[in-house]
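Student: For reference, the file final18.cif (mmCIF, C-alpha atoms) is included below:
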data_structure
loop_
_atom_site.label_atom_id
_atom_site.label_comp_id
_atom_site.auth_asym_id
_atom_site.auth_seq_id
_atom_site.Cartn_x
_atom_site.Cartn_y
_atom_site.Cartn_z
CA MET Y 218 -13.89 -1.46 -10.16
CA LYS Y 219 -14.21 2.24 -10.73
CA PRO Y 220 -11.02 4.37 -10.97
CA ARG Y 221 -11.71 5.69 -7.45
CA ASP Y 222 -11.95 2.12 -6.14
CA ILE Y 223 -8.73 1.12 -7.89
CA ALA Y 224 -6.96 4.14 -6.38
CA ALA Y 225 -8.23 3.22 -2.91
CA TYR Y 226 -7.19 -0.42 -3.41
CA VAL Y 227 -3.65 0.59 -4.46
CA PHE Y 228 -3.38 3.11 -1.61
CA LEU Y 229 -4.32 0.48 0.97
CA ALA Y 230 -1.98 -2.14 -0.48
CA ILE Y 231 1.04 0.17 -0.53
CA THR Y 232 0.31 1.86 2.80
CA TRP Y 233 -0.32 -1.34 4.75
CA GLY Y 234 2.57 -3.09 2.99
CA LEU Y 235 5.00 -0.37 4.06
CA SER Y 236 3.52 -0.20 7.56
CA PHE Y 237 5.70 -3.14 8.65
CA LEU Y 238 8.79 -1.05 7.90
CA VAL Y 239 7.46 1.90 9.91
CA LEU Y 240 6.39 -0.47 12.68
CA LEU Y 241 9.99 -1.64 13.12
CA ASN Y 242 11.15 1.94 13.68
CA VAL Y 243 8.36 2.68 16.15
CA VAL Y 244 8.98 -0.52 18.13
CA HIS Y 245 12.71 0.23 18.28
CA ALA Y 246 12.04 3.73 19.62
CA PHE Y 247 9.07 3.16 21.95
CA GLY Y 248 9.35 -0.54 22.80
CA TRP Y 249 6.85 -3.19 21.72
CA VAL Y 250 4.33 -2.17 24.40
CA GLY Y 251 4.78 1.56 23.98
CA ALA Y 252 4.39 1.26 20.21
CA VAL Y 253 1.01 -0.44 20.59
CA THR Y 254 -0.26 1.80 23.38
CA LEU Y 255 0.65 5.14 21.81
CA ARG Y 256 -0.31 4.05 18.30
CA SER Y 257 -3.75 2.89 19.45
CA LEU Y 258 -4.50 5.95 21.57
CA VAL Y 259 -3.38 8.37 18.85
CA ALA Y 260 -5.38 6.48 16.18
CA GLY Y 261 -8.52 6.37 18.35
CA ILE Y 262 -8.34 10.05 19.24
CA THR Y 263 -7.71 10.92 15.59
CA LEU Y 264 -10.86 9.10 14.50
CA PHE Y 265 -12.95 10.78 17.20
CA LEU Y 266 -11.61 14.21 16.18
CA LEU Y 267 -12.21 13.42 12.51
CA ALA Y 268 -15.78 12.39 13.29
CA ALA Y 269 -16.33 15.61 15.22
CA ALA Y 270 -14.81 17.71 12.42
CA THR Y 271 -17.09 16.10 9.83
CA ARG Y 272 -20.09 16.26 12.20
CA ARG Y 273 -20.53 12.52 12.07
CA LYS Y 274 -22.73 11.26 14.90
CA LEU Y 275 -21.35 8.17 16.62
CA ASP Y 276 -23.75 5.70 18.22
CA PHE Y 277 -22.41 3.66 21.14
CA SER Y 278 -25.80 2.47 22.39
CA ALA Y 279 -24.59 -1.15 22.24
CA GLY Y 280 -22.80 -0.52 25.53
CA TRP Y 281 -19.12 -0.32 26.36
CA ARG Y 282 -18.47 -4.02 27.01
CA PRO Y 283 -18.57 -5.29 23.38
CA PHE Y 284 -16.34 -2.42 22.26
CA ALA Y 285 -13.92 -3.18 25.10
CA VAL Y 286 -13.70 -6.84 24.01
CA ILE Y 287 -12.97 -5.78 20.42
CA GLY Y 288 -10.33 -3.37 21.65
CA ALA Y 289 -8.70 -6.03 23.83
CA THR Y 290 -8.55 -8.61 21.04
CA THR Y 291 -8.54 -7.01 17.60
CA VAL Y 292 -6.31 -4.12 18.71
CA ALA Y 293 -4.43 -4.82 21.95
CA ALA Y 294 -3.72 -8.55 21.60
CA GLN Y 295 -3.22 -8.43 17.84
CA LEU Y 296 -0.84 -5.47 17.86
CA ILE Y 297 1.05 -6.66 20.94
CA GLY Y 298 1.72 -9.96 19.18
CA LEU Y 299 2.66 -8.25 15.93
CA SER Y 300 4.92 -5.65 17.57
CA TYR Y 301 6.67 -8.33 19.63
CA ALA Y 302 7.08 -10.72 16.70
CA THR Y 303 8.19 -8.48 13.82
CA PRO Y 304 11.66 -7.55 15.15
CA ARG Y 305 12.30 -11.20 16.10
CA ILE Y 306 11.14 -13.06 12.98
CA GLY Y 307 11.37 -10.31 10.36
CA THR Y 308 8.79 -8.36 8.39
CA ALA Y 309 8.51 -11.01 5.67
CA MET Y 310 7.50 -13.86 7.96
CA ALA Y 311 5.32 -11.59 10.11
CA ALA Y 312 3.43 -10.39 7.03
CA ILE Y 313 2.92 -13.93 5.76
CA LEU Y 314 1.59 -15.15 9.10
CA VAL Y 315 -0.73 -12.12 9.30
CA ALA Y 316 -2.24 -13.26 6.00
CA ALA Y 317 -3.39 -16.41 7.78
CA ILE Y 318 -6.09 -14.49 9.67
CA PRO Y 319 -8.93 -15.70 7.36
CA LEU Y 320 -7.97 -19.30 8.18
CA PHE Y 321 -8.38 -18.72 11.92
CA SER Y 322 -11.53 -16.71 11.26
CA MET Y 323 -13.13 -19.61 9.39
CA ILE Y 324 -12.41 -22.02 12.26
CA ILE Y 325 -13.89 -19.66 14.87
CA ALA Y 326 -16.92 -18.89 12.70
CA GLN Y 327 -17.51 -22.62 12.29
CA LEU Y 328 -17.28 -23.27 16.06
CA TRP Y 329 -19.65 -20.38 16.82
CA GLY Y 330 -22.13 -21.40 14.15
CA LEU Y 331 -21.70 -18.17 12.18
CA GLU Y 332 -20.72 -19.98 8.99
CA ARG Y 333 -20.86 -23.49 7.58
CA ILE Y 334 -17.64 -24.95 6.29
CA THR Y 335 -17.62 -25.94 2.62
CA LEU Y 336 -15.39 -28.37 0.76
CA ARG Y 337 -13.61 -25.38 -0.79
CA GLY Y 338 -13.12 -23.81 2.63
CA LEU Y 339 -11.82 -27.04 4.13
CA ALA Y 340 -9.32 -27.39 1.30
CA GLY Y 341 -8.19 -23.82 1.88
CA LEU Y 342 -7.83 -24.45 5.62
CA LEU Y 343 -5.70 -27.57 5.11
CA LEU Y 344 -3.54 -25.86 2.48
CA GLY Y 345 -3.01 -22.83 4.70
CA ALA Y 346 -2.18 -24.96 7.74
CA ALA Y 347 0.41 -26.85 5.70
CA GLY Y 348 1.89 -23.54 4.63
CA ILE Y 349 2.20 -22.36 8.24
CA ILE Y 350 3.95 -25.61 9.21
CA VAL Y 351 6.40 -25.26 6.33
CA LEU Y 352 7.04 -21.57 7.00
CA VAL Y 353 7.69 -21.97 10.73
CA GLY Y 354 9.27 -25.43 10.62
CA PHE Y 355 11.85 -24.66 7.93
CA PRO Y 356 13.06 -21.10 8.65
CA ALA Y 357 15.94 -19.36 6.89
CA VAL Y 358 17.58 -18.67 10.27
CA PRO Y 359 18.44 -20.98 13.19
CA ILE Y 360 15.50 -21.81 15.45
CA THR Y 361 16.26 -19.94 18.66
CA ALA Y 362 14.06 -19.14 21.65
CA PRO Y 363 13.40 -15.54 20.46
CA PHE Y 364 12.47 -16.86 17.00
CA ALA Y 365 10.12 -19.47 18.43
CA PHE Y 366 8.45 -16.96 20.75
CA GLY Y 367 8.18 -14.52 17.85
CA CYS Y 368 6.38 -17.10 15.69
CA ALA Y 369 4.05 -17.96 18.57
CA ALA Y 370 3.32 -14.27 19.14
CA SER Y 371 2.60 -13.75 15.44
CA LEU Y 372 0.16 -16.66 15.34
CA PHE Y 373 -1.45 -15.40 18.56
CA SER Y 374 -1.79 -12.00 16.89
CA SER Y 375 -3.58 -13.51 13.89
CA PHE Y 376 -5.87 -15.59 16.11
CA SER Y 377 -6.77 -12.51 18.20
CA ALA Y 378 -7.67 -10.56 15.06
CA ALA Y 379 -9.88 -13.39 13.83
CA PHE Y 380 -11.54 -13.77 17.23
CA GLY Y 381 -12.29 -10.05 17.48
CA SER Y 382 -13.76 -9.86 13.99
CA ASN Y 383 -16.09 -12.79 14.64
CA TYR Y 384 -17.05 -11.37 18.03
CA ALA Y 385 -17.94 -8.09 16.34
CA ASN Y 386 -20.06 -9.94 13.81
CA ARG Y 387 -21.86 -11.70 16.64
CA HIS Y 388 -22.38 -8.84 19.09
CA LEU Y 389 -22.01 -5.57 17.16
CA ARG Y 390 -23.96 -6.14 13.95
CA SER Y 391 -25.89 -2.91 14.44
CA ALA Y 392 -22.83 -0.77 15.17
CA GLY Y 393 -21.24 1.28 12.42
CA SER Y 394 -17.66 0.86 11.23
CA TRP Y 395 -16.62 4.26 12.61
CA GLU Y 396 -17.92 3.38 16.07
CA VAL Y 397 -16.27 -0.04 16.11
CA THR Y 398 -12.91 1.18 14.79
CA SER Y 399 -12.56 4.32 16.93
CA ALA Y 400 -13.70 2.60 20.13
CA ALA Y 401 -11.52 -0.45 19.41
CA PHE Y 402 -8.39 1.66 19.07
CA LEU Y 403 -9.18 3.67 22.20
CA PHE Y 404 -10.00 0.64 24.36
CA GLY Y 405 -7.01 -1.20 22.91
CA GLY Y 406 -4.65 1.58 23.94
CA LEU Y 407 -6.16 1.74 27.43
CA THR Y 408 -5.85 -2.04 27.77
CA THR Y 409 -2.11 -2.06 27.08
CA LEU Y 410 -1.38 1.16 29.00
CA PRO Y 411 -0.68 -0.60 32.35
CA LEU Y 412 1.85 -2.88 30.62
CA LEU Y 413 4.14 0.12 30.24
CA LEU Y 414 5.00 -0.34 33.93
CA ALA Y 415 6.54 -3.71 33.08
CA VAL Y 416 7.92 -2.81 29.63
CA PRO Y 417 8.63 0.93 29.66
CA VAL Y 418 9.82 3.05 26.75
CA PRO Y 419 13.55 2.20 26.52
CA ALA Y 420 14.82 5.77 26.08
CA MET Y 421 13.70 9.25 25.11
CA PRO Y 422 12.61 8.95 21.45
CA ARG Y 423 13.94 11.34 18.84
CA ALA Y 424 11.78 13.84 16.98
CA VAL Y 425 11.79 11.63 13.89
CA ASP Y 426 10.49 8.74 16.02
CA PHE Y 427 7.41 10.77 16.95
CA LEU Y 428 6.95 11.45 13.22
CA TYR Y 429 7.05 7.69 12.54
CA LEU Y 430 4.50 7.18 15.32
CA ALA Y 431 2.19 9.83 13.86
CA ILE Y 432 2.42 8.27 10.40
CA LEU Y 433 1.74 4.78 11.76
CA ALA Y 434 -1.22 5.89 13.89
CA CYS Y 435 -2.86 8.63 11.83
CA VAL Y 436 -2.14 7.49 8.27
CA MET Y 437 -1.52 3.74 8.41
CA SER Y 438 -4.20 3.02 11.03
CA ALA Y 439 -6.91 5.68 11.26
CA THR Y 440 -6.96 7.03 7.68
CA THR Y 441 -6.59 3.64 6.01
CA TYR Y 442 -9.62 2.30 7.85
CA VAL Y 443 -11.76 5.18 6.61
CA VAL Y 444 -10.62 4.40 3.07
CA TYR Y 445 -11.07 0.66 3.59
CA PHE Y 446 -14.67 0.84 4.77
CA ARG Y 447 -15.54 3.13 1.87
CA LEU Y 448 -14.05 0.50 -0.43
CA VAL Y 449 -16.11 -2.18 1.31
CA ALA Y 450 -19.28 -0.19 0.65
CA SER Y 451 -18.33 0.18 -3.00
CA ILE Y 452 -17.04 -3.27 -4.03
CA GLY Y 453 -18.09 -5.53 -1.17
CA ALA Y 454 -16.30 -6.86 1.89
CA THR Y 455 -14.90 -10.06 0.38
CA ARG Y 456 -13.35 -8.39 -2.64
CA ALA Y 457 -12.02 -5.58 -0.46
CA ILE Y 458 -10.24 -7.95 1.95
CA SER Y 459 -8.37 -9.45 -1.00
CA VAL Y 460 -6.12 -6.40 -0.74
CA GLU Y 461 -4.39 -8.24 2.11
CA PHE Y 462 -2.80 -10.62 -0.43
CA VAL Y 463 -1.14 -7.63 -2.13
CA VAL Y 464 -0.17 -6.21 1.28
CA THR Y 465 1.62 -9.45 2.13
CA THR Y 466 3.46 -9.44 -1.19
CA ILE Y 467 4.65 -5.85 -0.71
CA ALA Y 468 5.69 -6.49 2.90
CA VAL Y 469 7.68 -9.58 1.86
CA LEU Y 470 9.43 -7.57 -0.86
CA VAL Y 471 10.23 -4.82 1.65
CA GLY Y 472 11.68 -7.36 4.06
CA THR Y 473 13.78 -9.24 1.53
CA VAL Y 474 14.91 -6.35 -0.71
CA MET Y 475 15.11 -3.30 1.58
CA LEU Y 476 15.97 -5.03 4.87
CA GLY Y 477 17.97 -7.94 3.47
CA GLU Y 478 15.90 -10.59 5.27
CA ALA Y 479 16.47 -14.17 4.14
CA LEU Y 480 13.60 -16.20 2.70
CA THR Y 481 14.32 -19.72 1.49
CA VAL Y 482 12.66 -21.45 -1.46
CA ILE Y 483 10.77 -23.81 0.85
CA GLN Y 484 9.50 -20.83 2.87
CA ALA Y 485 8.35 -19.21 -0.36
CA PHE Y 486 6.33 -22.35 -1.06
CA GLY Y 487 4.88 -22.06 2.45
CA ALA Y 488 3.91 -18.46 1.80
CA VAL Y 489 2.22 -19.39 -1.48
CA ALA Y 490 0.34 -22.18 0.31
CA ILE Y 491 -0.95 -19.80 3.00
CA ILE Y 492 -2.09 -17.18 0.49
CA GLY Y 493 -3.60 -19.88 -1.72
CA GLY Y 494 -5.49 -21.27 1.25
CA CYS Y 495 -6.85 -17.83 2.06
CA VAL Y 496 -7.97 -17.38 -1.55
CA LEU Y 497 -9.94 -20.64 -1.30
CA VAL Y 498 -11.47 -19.58 2.01
CA LEU Y 499 -12.38 -16.04 0.95
CA ASP Y 500 -13.23 -16.70 -2.72
CA PRO Y 501 -12.75 -12.96 -3.42
CA PHE Y 502 -13.81 -13.08 -7.06
CA PRO Y 503 -16.68 -15.57 -7.43
CA ARG Y 504 -18.11 -16.26 -10.84
CA SER Y 505 -21.53 -14.83 -10.05
CA ALA Y 506 -21.76 -11.48 -8.31
CA LYS Y 507 -23.47 -11.51 -4.95
CA VAL Y 508 -24.99 -8.74 -2.91
CA VAL Y 509 -22.90 -8.40 0.22
CA PRO Y 510 -24.97 -7.61 3.32
CA GLN Y 511 -23.68 -4.94 5.67
CA ALA Y 512 -23.07 -7.51 8.42
CA GLU Y 513 -20.19 -8.96 6.40
CA VAL Y 514 -18.16 -5.77 6.81
CA LEU Y 515 -17.06 -6.59 10.35
CA PRO Y 516 -15.83 -10.17 10.00
CA SER Y 517 -13.92 -9.16 6.89
CA ALA Y 518 -12.08 -6.31 8.57
CA PRO Y 519 -8.37 -6.48 7.80
CA PRO Y 520 -5.66 -6.75 10.39
CA LEU Y 521 -4.44 -3.56 12.02
CA VAL Y 522 -0.96 -3.75 10.53
#
What do you get writing this file as structure tokens?

Tutor:
Amino acid sequence: MKPRDIAAYVFLAITWGLSFLVLLNVVHAFGWVGAVTLRSLVAGITLFLLAAATRRKLDFSAGWRPFAVIGATTVAAQLIGLSYATPRIGTAMAAILVAAIPLFSMIIAQLWGLERITLRGLAGLLLGAAGIIVLVGFPAVPITAPFAFGCAASLFSSFSAAFGSNYANRHLRSAGSWEVTSAAFLFGGLTTLPLLLAVPVPAMPRAVDFLYLAILACVMSATTYVVYFRLVASIGATRAISVEFVVTTIAVLVGTVMLGEALTVIQAFGAVAIIGGCVLVLDPFPRSAKVVPQAEVLPSAPPLV
């Protein structure tokens, strides 16, 4: 990779890894629904303003329905699950379960006929599934109802991200990354907006809470995706998505070192199994270089952490 690519890779790894810590503050201040709604709307508007400032023409000729589906799954459902789960199961476990997205993506792609499963991919799927069972079945804390619901929400979040990425690959192949990302955030925020009636913002947030929200939406969501898709164009989608392994490592370190979250030895083995399974599925550094077609950008889009 070129020095510019390495800098982008490191920026994404650190920014997304620390985003779990910022997410906790935003969820505490705005509630798990408010955090998703405001974050998505601010990120979507930021991308539209950035496109206008750079005179980038956005093409939404594919119609609003596919973009709405992406917003409802890849943004709304994924972030709702992640925002609900993180305070209940901890940043470390949430980050590890987020790394399982490629495993769900491979299953959906196989069912939809988008990809054919290989022996390597099957081995990765089985290894990753075993890791999830170990991670959830042998937690470092007592298994309570909130913990169980948090794990279920986290897995639902990962599945929603995988579903949305495959749907985009199937129905929005001709759409650009800017169009997909900006519309997804905007539709995602509008999808969760009515839920604020059921789960309102708990109290008036402080000024610093709005700063956390701006950082999460503008820097850790909107800006990172601009950097990510540039990295995809430079080094390929599969190698670019490998940054998620580093993101998971940083997030786990943040959870265990900075937040004092417990992680047992057996859970560590589960985490290694999940990441190892994803490596087998993605094969980020194959022996022979391959030309990555543009269509691969969408299914390899990272989670919106």

Student: Could you write out as a ChimeraX atom specification the residues that the PyMOL selection byres ((chain Y and resi 326) around 10) matches in the shown file?

Tutor: /Y:321-325,327-334,379-380,382-384,386-387,516

Student: Okay, now the selection with C-alpha atoms, as a PDB file, keeping the file's coordinate frame?

Tutor:
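The resulting out_33.pdb:
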ATOM      1  CA  PHE Y 321      -8.380 -18.720  11.920  1.00  0.00           C
ATOM      2  CA  SER Y 322     -11.530 -16.710  11.260  1.00  0.00           C
ATOM      3  CA  MET Y 323     -13.130 -19.610   9.390  1.00  0.00           C
ATOM      4  CA  ILE Y 324     -12.410 -22.020  12.260  1.00  0.00           C
ATOM      5  CA  ILE Y 325     -13.890 -19.660  14.870  1.00  0.00           C
ATOM      6  CA  GLN Y 327     -17.510 -22.620  12.290  1.00  0.00           C
ATOM      7  CA  LEU Y 328     -17.280 -23.270  16.060  1.00  0.00           C
ATOM      8  CA  TRP Y 329     -19.650 -20.380  16.820  1.00  0.00           C
ATOM      9  CA  GLY Y 330     -22.130 -21.400  14.150  1.00  0.00           C
ATOM     10  CA  LEU Y 331     -21.700 -18.170  12.180  1.00  0.00           C
ATOM     11  CA  GLU Y 332     -20.720 -19.980   8.990  1.00  0.00           C
ATOM     12  CA  ARG Y 333     -20.860 -23.490   7.580  1.00  0.00           C
ATOM     13  CA  ILE Y 334     -17.640 -24.950   6.290  1.00  0.00           C
ATOM     14  CA  ALA Y 379      -9.880 -13.390  13.830  1.00  0.00           C
ATOM     15  CA  PHE Y 380     -11.540 -13.770  17.230  1.00  0.00           C
ATOM     16  CA  SER Y 382     -13.760  -9.860  13.990  1.00  0.00           C
ATOM     17  CA  ASN Y 383     -16.090 -12.790  14.640  1.00  0.00           C
ATOM     18  CA  TYR Y 384     -17.050 -11.370  18.030  1.00  0.00           C
ATOM     19  CA  ASN Y 386     -20.060  -9.940  13.810  1.00  0.00           C
ATOM     20  CA  ARG Y 387     -21.860 -11.700  16.640  1.00  0.00           C
ATOM     21  CA  PRO Y 516     -15.830 -10.170  10.000  1.00  0.00           C
TER      22      PRO Y 516
END

Student: Skip Gly248 of chain Y itself and residues of its chain fewer than 6 positions away, then list as JSON, numbers by chain all residues within 10 Å of it, counting only C-alpha atoms.

Tutor: {"Y": [241, 242, 254, 300, 301, 413, 416, 417, 418, 419, 420]}

Student: Rounded to one decimal, what separation in Å do you get between atom CA of Ala225 of chain Y and atom CA of Ala252 of chain Y?

Tutor: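 Pair atom CA of Ala225 of chain Y / atom CA of Ala252 of chain Y returns 26.4 Å.
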
Student: Evaluate the PyMOL selection byres ((chain Y and resi 389) around 12) and record the selected residues as number ranges by chain, following the chain and residue labels used in the document.

Tutor: Y: 276-287, 381-388, 390-394, 396-398, 401, 511-516

Student: So which residues get picked by the PyMOL selection byres ((chain Y and resi 296) around 12) here, written as a PyMOL selection string?

Tutor: chain Y and resi 237+240+244+249-257+288-295+297-303+311+315+370-378+401-402+405-406+408-409+438+520-522

Student: What's the separation between atom CA of Ala268 of chain Y and atom CA of Ser451 of chain Y, in Å to one decimal place?

Tutor: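 That distance, rounded to one decimal, is 20.5 Å.
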
Student: Report, in Å with one decimal, the straight-line distance from atom CA of Leu410 of chain Y to atom CA of Ala309 of chain Y.

Tutor: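 Separation of atom CA of Leu410 of chain Y and atom CA of Ala309 of chain Y: 28.1 Å.
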
Student: Kindly indicate which residue among Y:Val259, Y:Leu229, Y:Met437, Y:Ala246 lies nearest to Phe404 of chain Y, using all atoms listed in the file for the distances.

Tutor: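 Answer, going by the shortest atom-to-atom distance: Y:Val259.
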
Student: For Thr263 of chain Y, find every residue with an atom within 7 Å (counting all atoms listed in the file), except residues of its own chain fewer than 4 positions away, and show them as a PyMOL selection string.

Tutor: chain Y and resi 259+267+435+439

Student: Pick from Y:Gly341, Y:Ala269, Y:Ser236, Y:Ile349: nearest to Phe486 of chain Y, with all atoms listed in the file counted?

Tutor: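 Result for the nearest residue to Phe486 of chain Y: Y:Ile349.
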
Student: Looking at only C-alpha atoms, which of Y:Val496, Y:Leu352, Y:Ile483, Y:Leu336 is the one that sits closest to Leu314 of chain Y?

Tutor: Y:Leu352
